[in-house]
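Asks: My structure is in run.cif, and what it holds is mmCIF, C-alpha atoms:
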data_model
#
loop_
_atom_site.group_PDB
_atom_site.id
_atom_site.type_symbol
_atom_site.label_atom_id
_atom_site.label_comp_id
_atom_site.auth_asym_id
_atom_site.auth_seq_id
_atom_site.Cartn_x
_atom_site.Cartn_y
_atom_site.Cartn_z
ATOM 1 C CA MET A 65 -1.663 10.992 -18.638
ATOM 2 C CA SER A 66 -0.464 7.989 -16.679
ATOM 3 C CA ALA A 67 -1.989 4.592 -17.349
ATOM 4 C CA LEU A 68 -3.845 4.400 -14.020
ATOM 5 C CA ASP A 69 -4.945 8.024 -13.614
ATOM 6 C CA GLY A 70 -8.325 8.190 -11.877
ATOM 7 C CA LYS A 71 -8.127 4.600 -10.622
ATOM 8 C CA THR A 72 -8.297 3.500 -6.995
ATOM 9 C CA ALA A 73 -6.428 0.393 -5.829
ATOM 10 C CA ILE A 74 -6.404 -1.596 -2.619
ATOM 11 C CA VAL A 75 -3.278 -3.673 -1.926
ATOM 12 C CA SER A 76 -3.210 -5.956 1.091
ATOM 13 C CA GLY A 77 0.079 -6.501 2.896
ATOM 14 C CA SER A 78 1.597 -3.410 1.295
ATOM 15 C CA GLY A 79 3.536 -1.888 4.168
ATOM 16 C CA ARG A 80 6.626 -3.950 3.423
ATOM 17 C CA GLY A 81 8.305 -6.149 0.833
ATOM 18 C CA ILE A 82 6.588 -7.032 -2.416
ATOM 19 C CA GLY A 83 3.311 -5.402 -1.383
ATOM 20 C CA ARG A 84 5.030 -2.086 -0.732
ATOM 21 C CA GLU A 85 6.623 -2.179 -4.176
ATOM 22 C CA ILE A 86 3.248 -2.966 -5.740
ATOM 23 C CA ALA A 87 1.675 0.020 -3.969
ATOM 24 C CA LEU A 88 4.508 2.311 -5.060
ATOM 25 C CA LYS A 89 4.303 1.042 -8.644
ATOM 26 C CA LEU A 90 0.551 1.548 -8.951
ATOM 27 C CA ALA A 91 0.796 5.000 -7.387
ATOM 28 C CA ALA A 92 3.633 5.958 -9.722
ATOM 29 C CA HIS A 93 1.329 5.200 -12.641
ATOM 30 C CA GLY A 94 -1.456 7.386 -11.279
ATOM 31 C CA ALA A 95 -3.585 5.207 -9.017
ATOM 32 C CA ALA A 96 -4.750 6.258 -5.563
ATOM 33 C CA VAL A 97 -3.752 3.414 -3.251
ATOM 34 C CA VAL A 98 -5.137 2.080 0.017
ATOM 35 C CA VAL A 99 -2.158 0.600 1.847
ATOM 36 C CA ASN A 100 -2.564 -2.195 4.376
ATOM 37 C CA ASP A 101 -0.287 -3.745 6.964
ATOM 38 C CA LEU A 102 -0.681 -5.493 10.299
ATOM 39 C CA ASP A 103 1.231 -2.637 11.904
ATOM 40 C CA ALA A 104 0.564 1.075 11.598
ATOM 41 C CA GLU A 105 4.167 2.218 11.190
ATOM 42 C CA PRO A 106 5.042 0.459 7.904
ATOM 43 C CA ALA A 107 1.619 1.225 6.436
ATOM 44 C CA GLU A 108 1.914 4.913 7.257
ATOM 45 C CA GLN A 109 5.486 4.976 5.936
ATOM 46 C CA THR A 110 4.397 3.625 2.569
ATOM 47 C CA VAL A 111 1.566 6.158 2.474
ATOM 48 C CA ALA A 112 4.015 8.952 3.269
ATOM 49 C CA ASP A 113 6.418 7.775 0.575
ATOM 50 C CA ILE A 114 3.660 7.729 -2.035
ATOM 51 C CA LYS A 115 2.541 11.229 -1.066
ATOM 52 C CA ALA A 116 6.127 12.494 -1.105
ATOM 53 C CA ARG A 117 6.319 11.410 -4.743
ATOM 54 C CA GLY A 118 3.145 13.278 -5.618
ATOM 55 C CA GLY A 119 0.734 10.360 -5.334
ATOM 56 C CA ARG A 120 -2.420 9.731 -3.346
ATOM 57 C CA ALA A 121 -2.689 7.119 -0.612
ATOM 58 C CA ALA A 122 -4.425 6.200 2.612
ATOM 59 C CA ALA A 123 -3.822 3.490 5.197
ATOM 60 C CA CYS A 124 -6.091 0.687 6.382
ATOM 61 C CA VAL A 125 -4.246 -0.972 9.239
ATOM 62 C CA GLY A 126 -5.121 -4.419 10.539
ATOM 63 C CA SER A 127 -5.116 -8.143 9.897
ATOM 64 C CA VAL A 128 -6.703 -9.364 6.682
ATOM 65 C CA THR A 129 -7.943 -12.365 8.670
ATOM 66 C CA ASP A 130 -10.254 -10.253 10.838
ATOM 67 C CA ALA A 131 -13.876 -11.007 10.018
ATOM 68 C CA ASP A 132 -14.709 -7.381 9.221
ATOM 69 C CA PHE A 133 -11.492 -6.504 7.419
ATOM 70 C CA GLY A 134 -12.756 -6.962 3.858
ATOM 71 C CA THR A 135 -15.641 -4.597 4.427
ATOM 72 C CA ARG A 136 -13.386 -2.032 6.115
ATOM 73 C CA PHE A 137 -10.743 -2.268 3.376
ATOM 74 C CA VAL A 138 -13.234 -1.685 0.581
ATOM 75 C CA ALA A 139 -14.968 1.090 2.527
ATOM 76 C CA THR A 140 -11.661 2.926 2.928
ATOM 77 C CA ALA A 141 -11.242 3.047 -0.850
ATOM 78 C CA VAL A 142 -14.775 4.317 -1.364
ATOM 79 C CA ASP A 143 -14.678 6.835 1.487
ATOM 80 C CA GLU A 144 -11.212 8.215 0.714
ATOM 81 C CA PHE A 145 -11.183 8.113 -3.083
ATOM 82 C CA GLY A 146 -14.746 7.566 -4.267
ATOM 83 C CA GLY A 147 -14.566 4.108 -5.776
ATOM 84 C CA LEU A 148 -12.665 0.893 -6.378
ATOM 85 C CA ASP A 149 -10.928 -0.193 -9.585
ATOM 86 C CA ILE A 150 -8.015 -2.468 -8.680
ATOM 87 C CA ILE A 151 -7.771 -5.184 -6.021
ATOM 88 C CA VAL A 152 -4.449 -6.852 -5.246
ATOM 89 C CA ASN A 153 -4.648 -9.684 -2.720
ATOM 90 C CA ASN A 154 -1.037 -9.895 -1.604
ATOM 91 C CA ALA A 155 -0.900 -10.299 2.208
ATOM 92 C CA GLY A 156 0.542 -13.495 3.569
ATOM 93 C CA TYR A 157 3.363 -15.409 5.200
ATOM 94 C CA THR A 158 4.547 -19.002 5.491
ATOM 95 C CA TRP A 159 4.511 -21.354 8.473
ATOM 96 C CA ASP A 160 6.253 -24.507 7.321
ATOM 97 C CA THR A 161 6.711 -28.060 8.494
ATOM 98 C CA VAL A 162 6.137 -31.545 7.132
ATOM 99 C CA ILE A 163 2.559 -32.776 7.277
ATOM 100 C CA GLN A 164 2.997 -35.215 10.173
ATOM 101 C CA LYS A 165 4.192 -32.331 12.353
ATOM 102 C CA MET A 166 1.720 -29.732 11.113
ATOM 103 C CA SER A 167 -0.913 -28.674 13.620
ATOM 104 C CA ASP A 168 -4.475 -27.695 12.842
ATOM 105 C CA GLU A 169 -3.515 -24.184 13.936
ATOM 106 C CA GLN A 170 -0.755 -24.025 11.311
ATOM 107 C CA TRP A 171 -3.062 -25.317 8.603
ATOM 108 C CA ASP A 172 -5.925 -22.979 9.480
ATOM 109 C CA ALA A 173 -3.730 -19.894 9.889
ATOM 110 C CA ILE A 174 -2.204 -20.212 6.425
ATOM 111 C CA LEU A 175 -5.501 -21.063 4.713
ATOM 112 C CA ASP A 176 -7.107 -18.100 6.454
ATOM 113 C CA VAL A 177 -4.547 -15.516 5.353
ATOM 114 C CA HIS A 178 -3.973 -16.767 1.805
ATOM 115 C CA LEU A 179 -7.432 -17.971 0.783
ATOM 116 C CA LYS A 180 -10.219 -16.922 3.146
ATOM 117 C CA ALA A 181 -8.986 -13.324 3.381
ATOM 118 C CA PRO A 182 -8.994 -12.754 -0.420
ATOM 119 C CA PHE A 183 -12.433 -14.381 -0.573
ATOM 120 C CA ARG A 184 -13.781 -11.981 2.049
ATOM 121 C CA ILE A 185 -12.229 -8.940 0.371
ATOM 122 C CA LEU A 186 -13.661 -9.897 -3.009
ATOM 123 C CA ARG A 187 -17.056 -10.646 -1.484
ATOM 124 C CA ALA A 188 -17.074 -7.201 0.123
ATOM 125 C CA ALA A 189 -16.057 -5.565 -3.158
ATOM 126 C CA GLN A 190 -18.814 -7.121 -5.267
ATOM 127 C CA PRO A 191 -21.675 -4.803 -4.231
ATOM 128 C CA VAL A 192 -19.492 -1.737 -4.795
ATOM 129 C CA ILE A 193 -18.385 -2.866 -8.245
ATOM 130 C CA SER A 194 -21.857 -4.047 -9.255
ATOM 131 C CA ALA A 195 -23.450 -0.733 -8.221
ATOM 132 C CA ALA A 196 -20.800 1.283 -10.081
ATOM 133 C CA VAL A 197 -21.277 -0.754 -13.254
ATOM 134 C CA LYS A 198 -25.065 -0.456 -13.044
ATOM 135 C CA ALA A 199 -24.842 3.318 -12.576
ATOM 136 C CA ALA A 200 -22.500 3.677 -15.549
ATOM 137 C CA ARG A 201 -24.747 1.641 -17.831
ATOM 138 C CA GLU A 202 -27.875 3.483 -16.749
ATOM 139 C CA ALA A 203 -26.073 6.698 -17.694
ATOM 140 C CA GLY A 204 -25.366 5.268 -21.127
ATOM 141 C CA GLN A 205 -21.668 4.810 -20.426
ATOM 142 C CA GLU A 206 -19.430 1.794 -20.834
ATOM 143 C CA ALA A 207 -18.184 0.328 -17.557
ATOM 144 C CA PRO A 208 -14.406 0.786 -17.281
ATOM 145 C CA CYS A 209 -12.230 -2.302 -17.068
ATOM 146 C CA ARG A 210 -11.500 -3.096 -13.433
ATOM 147 C CA LYS A 211 -8.753 -5.434 -12.247
ATOM 148 C CA VAL A 212 -8.237 -8.136 -9.649
ATOM 149 C CA VAL A 213 -4.784 -9.653 -9.165
ATOM 150 C CA ASN A 214 -4.480 -12.485 -6.666
ATOM 151 C CA ILE A 215 -0.979 -13.369 -5.549
ATOM 152 C CA SER A 216 -0.004 -17.027 -5.644
ATOM 153 C CA SER A 217 3.214 -19.019 -5.766
ATOM 154 C CA ILE A 218 4.834 -21.726 -7.827
ATOM 155 C CA ALA A 219 4.295 -23.845 -4.695
ATOM 156 C CA GLY A 220 0.597 -23.701 -5.509
ATOM 157 C CA LEU A 221 1.269 -25.032 -8.999
ATOM 158 C CA GLY A 222 3.780 -27.779 -8.289
ATOM 159 C CA GLY A 223 3.774 -28.252 -4.522
ATOM 160 C CA ASN A 224 6.730 -27.812 -2.190
ATOM 161 C CA ALA A 225 7.959 -30.131 0.555
ATOM 162 C CA GLY A 226 7.145 -28.759 3.987
ATOM 163 C CA GLN A 227 4.437 -26.449 2.685
ATOM 164 C CA ALA A 228 1.263 -28.527 2.495
ATOM 165 C CA ASN A 229 -0.733 -25.658 4.004
ATOM 166 C CA TYR A 230 0.776 -22.925 1.829
ATOM 167 C CA ALA A 231 0.672 -24.957 -1.387
ATOM 168 C CA ALA A 232 -2.953 -25.942 -0.779
ATOM 169 C CA ALA A 233 -3.929 -22.327 -0.097
ATOM 170 C CA LYS A 234 -2.175 -21.052 -3.216
ATOM 171 C CA ALA A 235 -3.718 -23.798 -5.343
ATOM 172 C CA GLY A 236 -7.055 -22.591 -3.988
ATOM 173 C CA VAL A 237 -6.213 -19.065 -5.136
ATOM 174 C CA THR A 238 -6.033 -20.401 -8.698
ATOM 175 C CA GLY A 239 -9.524 -21.858 -8.407
ATOM 176 C CA LEU A 240 -10.843 -18.654 -6.861
ATOM 177 C CA THR A 241 -9.297 -16.622 -9.676
ATOM 178 C CA LYS A 242 -10.745 -18.743 -12.474
ATOM 179 C CA THR A 243 -14.194 -18.719 -10.894
ATOM 180 C CA LEU A 244 -14.248 -14.951 -10.343
ATOM 181 C CA ALA A 245 -13.049 -14.397 -13.916
ATOM 182 C CA LYS A 246 -16.236 -16.147 -15.045
ATOM 183 C CA GLU A 247 -18.530 -14.506 -12.495
ATOM 184 C CA TRP A 248 -17.228 -10.950 -12.918
ATOM 185 C CA GLY A 249 -16.653 -10.839 -16.656
ATOM 186 C CA ARG A 250 -20.136 -9.338 -16.960
ATOM 187 C CA TYR A 251 -18.891 -6.378 -14.909
ATOM 188 C CA ASN A 252 -15.907 -5.897 -17.246
ATOM 189 C CA VAL A 253 -13.550 -7.039 -14.491
ATOM 190 C CA THR A 254 -10.471 -9.095 -15.315
ATOM 191 C CA VAL A 255 -9.291 -11.515 -12.629
ATOM 192 C CA ASN A 256 -5.802 -12.985 -12.830
ATOM 193 C CA THR A 257 -3.099 -14.520 -10.665
ATOM 194 C CA VAL A 258 0.617 -13.825 -10.400
ATOM 195 C CA ALA A 259 2.507 -16.863 -9.106
ATOM 196 C CA PHE A 260 5.860 -15.831 -7.683
ATOM 197 C CA GLY A 261 8.939 -17.985 -7.706
ATOM 198 C CA PHE A 262 11.936 -17.181 -5.545
ATOM 199 C CA ILE A 263 11.711 -13.477 -4.660
ATOM 200 C CA THR A 264 14.112 -11.983 -2.107
ATOM 201 C CA THR A 265 12.156 -10.602 0.876
ATOM 202 C CA ARG A 266 12.499 -10.678 4.659
ATOM 203 C CA LEU A 267 10.730 -14.046 4.541
ATOM 204 C CA THR A 268 13.240 -15.619 2.151
ATOM 205 C CA GLU A 269 16.549 -13.899 2.872
ATOM 206 C CA ALA A 270 19.515 -15.964 3.999
ATOM 207 C CA SER A 271 19.289 -17.025 7.630
ATOM 208 C CA ALA A 272 21.164 -19.313 9.953
ATOM 209 C CA GLY A 273 17.832 -20.291 11.479
ATOM 210 C CA GLY A 274 17.260 -17.575 14.063
ATOM 211 C CA SER A 275 15.113 -15.095 12.102
ATOM 212 C CA THR A 276 11.475 -14.742 13.159
ATOM 213 C CA ILE A 277 8.432 -12.563 12.592
ATOM 214 C CA ASP A 278 5.495 -11.959 14.890
ATOM 215 C CA VAL A 279 2.023 -12.624 13.470
ATOM 216 C CA ALA A 280 -0.952 -12.163 15.785
ATOM 217 C CA GLY A 281 1.161 -13.072 18.791
ATOM 218 C CA ARG A 282 2.715 -16.104 17.095
ATOM 219 C CA THR A 283 6.486 -16.242 16.610
ATOM 220 C CA ILE A 284 7.087 -17.654 13.128
ATOM 221 C CA LYS A 285 10.510 -18.725 11.897
ATOM 222 C CA VAL A 286 11.483 -17.203 8.558
ATOM 223 C CA GLY A 287 14.512 -17.182 6.313
ATOM 224 C CA VAL A 288 16.161 -19.831 4.164
ATOM 225 C CA ASN A 289 19.383 -21.726 4.759
ATOM 226 C CA PRO A 290 22.178 -20.043 2.748
ATOM 227 C CA ASP A 291 23.213 -23.333 1.105
ATOM 228 C CA LEU A 292 19.618 -23.943 0.025
ATOM 229 C CA LEU A 293 19.408 -20.405 -1.330
ATOM 230 C CA HIS A 294 22.472 -21.063 -3.466
ATOM 231 C CA SER A 295 21.097 -24.316 -4.848
ATOM 232 C CA MET A 296 17.713 -22.702 -5.531
ATOM 233 C CA SER A 297 19.386 -19.892 -7.455
ATOM 234 C CA GLN A 298 21.206 -22.425 -9.621
ATOM 235 C CA MET A 299 17.856 -23.917 -10.661
ATOM 236 C CA ILE A 300 16.569 -20.569 -11.948
ATOM 237 C CA PRO A 301 17.412 -20.012 -15.641
ATOM 238 C CA LEU A 302 18.145 -16.331 -14.980
ATOM 239 C CA GLY A 303 20.567 -17.449 -12.289
ATOM 240 C CA ARG A 304 19.258 -15.396 -9.377
ATOM 241 C CA PRO A 305 16.168 -14.699 -7.277
ATOM 242 C CA GLY A 306 13.884 -11.861 -8.256
ATOM 243 C CA THR A 307 13.564 -8.546 -6.468
ATOM 244 C CA PRO A 308 10.370 -7.129 -4.945
ATOM 245 C CA ARG A 309 10.415 -4.409 -7.593
ATOM 246 C CA GLU A 310 10.505 -7.017 -10.364
ATOM 247 C CA ALA A 311 7.650 -8.878 -8.670
ATOM 248 C CA ALA A 312 5.635 -5.653 -8.578
ATOM 249 C CA GLY A 313 6.235 -5.203 -12.292
ATOM 250 C CA ALA A 314 4.504 -8.505 -13.029
ATOM 251 C CA VAL A 315 1.483 -7.400 -11.004
ATOM 252 C CA TYR A 316 1.405 -4.044 -12.776
ATOM 253 C CA LEU A 317 1.207 -5.799 -16.146
ATOM 254 C CA LEU A 318 -2.136 -7.286 -15.110
ATOM 255 C CA CYS A 319 -3.379 -3.966 -13.676
ATOM 256 C CA SER A 320 -2.540 -1.911 -16.758
ATOM 257 C CA PRO A 321 -4.866 -1.239 -19.704
ATOM 258 C CA ASP A 322 -2.608 -3.394 -21.889
ATOM 259 C CA SER A 323 -4.119 -6.495 -20.226
ATOM 260 C CA ASP A 324 -7.784 -5.530 -20.581
ATOM 261 C CA TYR A 325 -8.574 -8.727 -22.535
ATOM 262 C CA VAL A 326 -6.566 -11.085 -20.319
ATOM 263 C CA SER A 327 -8.567 -12.855 -17.621
ATOM 264 C CA GLY A 328 -8.560 -16.122 -15.695
ATOM 265 C CA GLN A 329 -4.816 -16.570 -16.237
ATOM 266 C CA THR A 330 -1.801 -17.331 -14.048
ATOM 267 C CA LEU A 331 1.391 -15.421 -14.816
ATOM 268 C CA ILE A 332 4.502 -17.088 -13.384
ATOM 269 C CA CYS A 333 7.076 -14.550 -12.202
ATOM 270 C CA GLY A 334 9.977 -16.873 -11.516
ATOM 271 C CA GLY A 335 12.944 -16.055 -13.708
ATOM 272 C CA GLY A 336 12.137 -18.953 -16.027
ATOM 273 C CA PHE A 337 11.793 -21.560 -13.277
ATOM 274 C CA PHE A 338 8.631 -23.660 -13.295
ATOM 275 C CA PHE A 339 7.520 -27.120 -12.263
#
Show this structure as structure tokens.

Replies:
Amino acid sequence: MSALDGKTAIVSGSGRGIGREIALKLAAHGAAVVVNDLDAEPAEQTVADIKARGGRAAACVGSVTDADFGTRFVATAVDEFGGLDIIVNNAGYTWDTVIQKMSDEQWDAILDVHLKAPFRILRAAQPVISAAVKAAREAGQEAPCRKVVNISSIAGLGGNAGQANYAAAKAGVTGLTKTLAKEWGRYNVTVNTVAFGFITTRLTEASAGGSTIDVAGRTIKVGVNPDLLHSMSQMIPLGRPGTPREAAGAVYLLCSPDSDYVSGQTLICGGGFFF
């Protein structure tokens, strides 16, 4: 048996990058996975890749910031696989500038995707989890340990110049995590955070300044100056940025049965770098 056999996971932002590796990792260990992305093509590709490796997966395409997304995401897990055991709130992006140049739109967009969206997903999941736990206990069974992993960043722990919106949102994720750990302990749910350091993705790869992504019709600059990347790498004790696969491994630790008595914690996945 694999560690996550019989479990169902939902992973937001899992069509690409770190989220994709998380979805693949959970599926490889036996979980059925609901994959999400803004765009259908990467979501369906991840689903196809999981199925090609003998796993189970389904797609839930759309923006996590849509008002009804949380309900739809949770419903996909229940409708496709009969329940919900693991929630990974991973979707997000950065939209940086110093505070005096930051618009309300920039602030709201980043708070919405990194903090309001996880809140809505968790709110939608509560009735499903509560009902499942009640049914198990009425049948004289022990409720299985369910898992929530919220993705944060070392920027949320120590701040980062030019990222007032992102750092504030990720600091909020810590508060959300600690509160849910206390509220949901009675359901035998552990709630933890993984705070990533410098992980190489399309958002952080070397760029001369011309790389962009499109988010809800907004063109967002991404990428990091190559000289800054070099200096950042020198600050990491392991001497290099992490890979998406390594980032997914940290998330898996908190989804596996080996962490069933770990809750309300923040695991820094940063190669030894911390503030």

Asks: In Å, rounded to a single decimal, give me how far CA of Ile114 in chain A is from CA of Glu85 in chain A.

Replies: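 Spanning CA of Glu85 in chain A to CA of Ile114 in chain A is a straight-line distance of 10.6 Å.
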
Asks: Starting from the displayed file, determine the output of the PyMOL selection byres ((chain A and resi 234-243) around 6) and express the residue list as JSON, numbers by chain.

Replies: {"A": [216, 220, 231, 232, 233, 244, 245, 246, 255, 256, 328]}

Asks: With a cut-off of 12 Å, could you pull out the residues of range 155-271 of chain A touching range 91-105 of chain A and give me the nearest pair of atoms for each, distance in Å to one decimal, using all atoms listed in the file, ordered by chain and ascending number, as JSON lines?

Replies:
{"residue": "A:Ala155", "atom": "CA", "partner": "A:Asp101", "partner_atom": "CA", "distance": 8.1}
{"residue": "A:Gly156", "atom": "CA", "partner": "A:Asp101", "partner_atom": "CA", "distance": 10.4}
{"residue": "A:Tyr157", "atom": "CA", "partner": "A:Leu102", "partner_atom": "CA", "distance": 11.9}
{"residue": "A:Val177", "atom": "CA", "partner": "A:Leu102", "partner_atom": "CA", "distance": 11.8}

Asks: Excluding Asn154 in chain A and its own-chain neighbours fewer than 6 positions away, which residues fall within 6 Å of it when counting only C-alpha atoms? Please give them as a list in words.

Replies: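 Those residues are Ser76, Gly77 and Ile215 of chain A.
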
Asks: Quick one: apply the PyMOL selection byres ((chain A and resi 135) around 8) to the file and drop the selected residues here as a list in words.

Replies: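 With the PyMOL selection byres ((chain A and resi 135) around 8) on this model, the match is Asp132, Phe133, Gly134, Arg136, Phe137, Val138, Ala139, Arg184, Ile185, Ala188 and Ala189 of chain A.
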
Asks: Hey, can I get the axis-aligned box for range 78-89 of chain A? All listed atoms, 4 Å padding on each side, centre and edge lengths in Å to one decimal, as lines of an AutoDock Vina configuration file.

Replies:
center_x = 5.0
center_y = -2.4
center_z = -2.2
size_x = 14.7
size_y = 17.3
size_z = 20.8

Asks: Rank A:Leu175, A:Ala200, A:Leu90, A:Val75 by their smallest atom-to-atom distance to Leu317 in chain A, using only C-alpha atoms, and report the top residue only.

Replies: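 Using only C-alpha atoms, Leu317 in chain A sits closest to A:Leu90.
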
Asks: CA of Ala314 in chain A and CA of Lys115 in chain A, how far apart in Å?

Replies: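 Atom-to-atom, CA of Lys115 in chain A to CA of Ala314 in chain A, that is 23.2 Å.
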
Asks: Using all atoms listed in the file for the distances, tell me which of A:Gly313, A:Gly147, A:Pro308, A:Gly261 is nearest to Lys89 in chain A.

Replies: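 The shortest atom-to-atom distance to Lys89 in chain A comes from A:Gly313.
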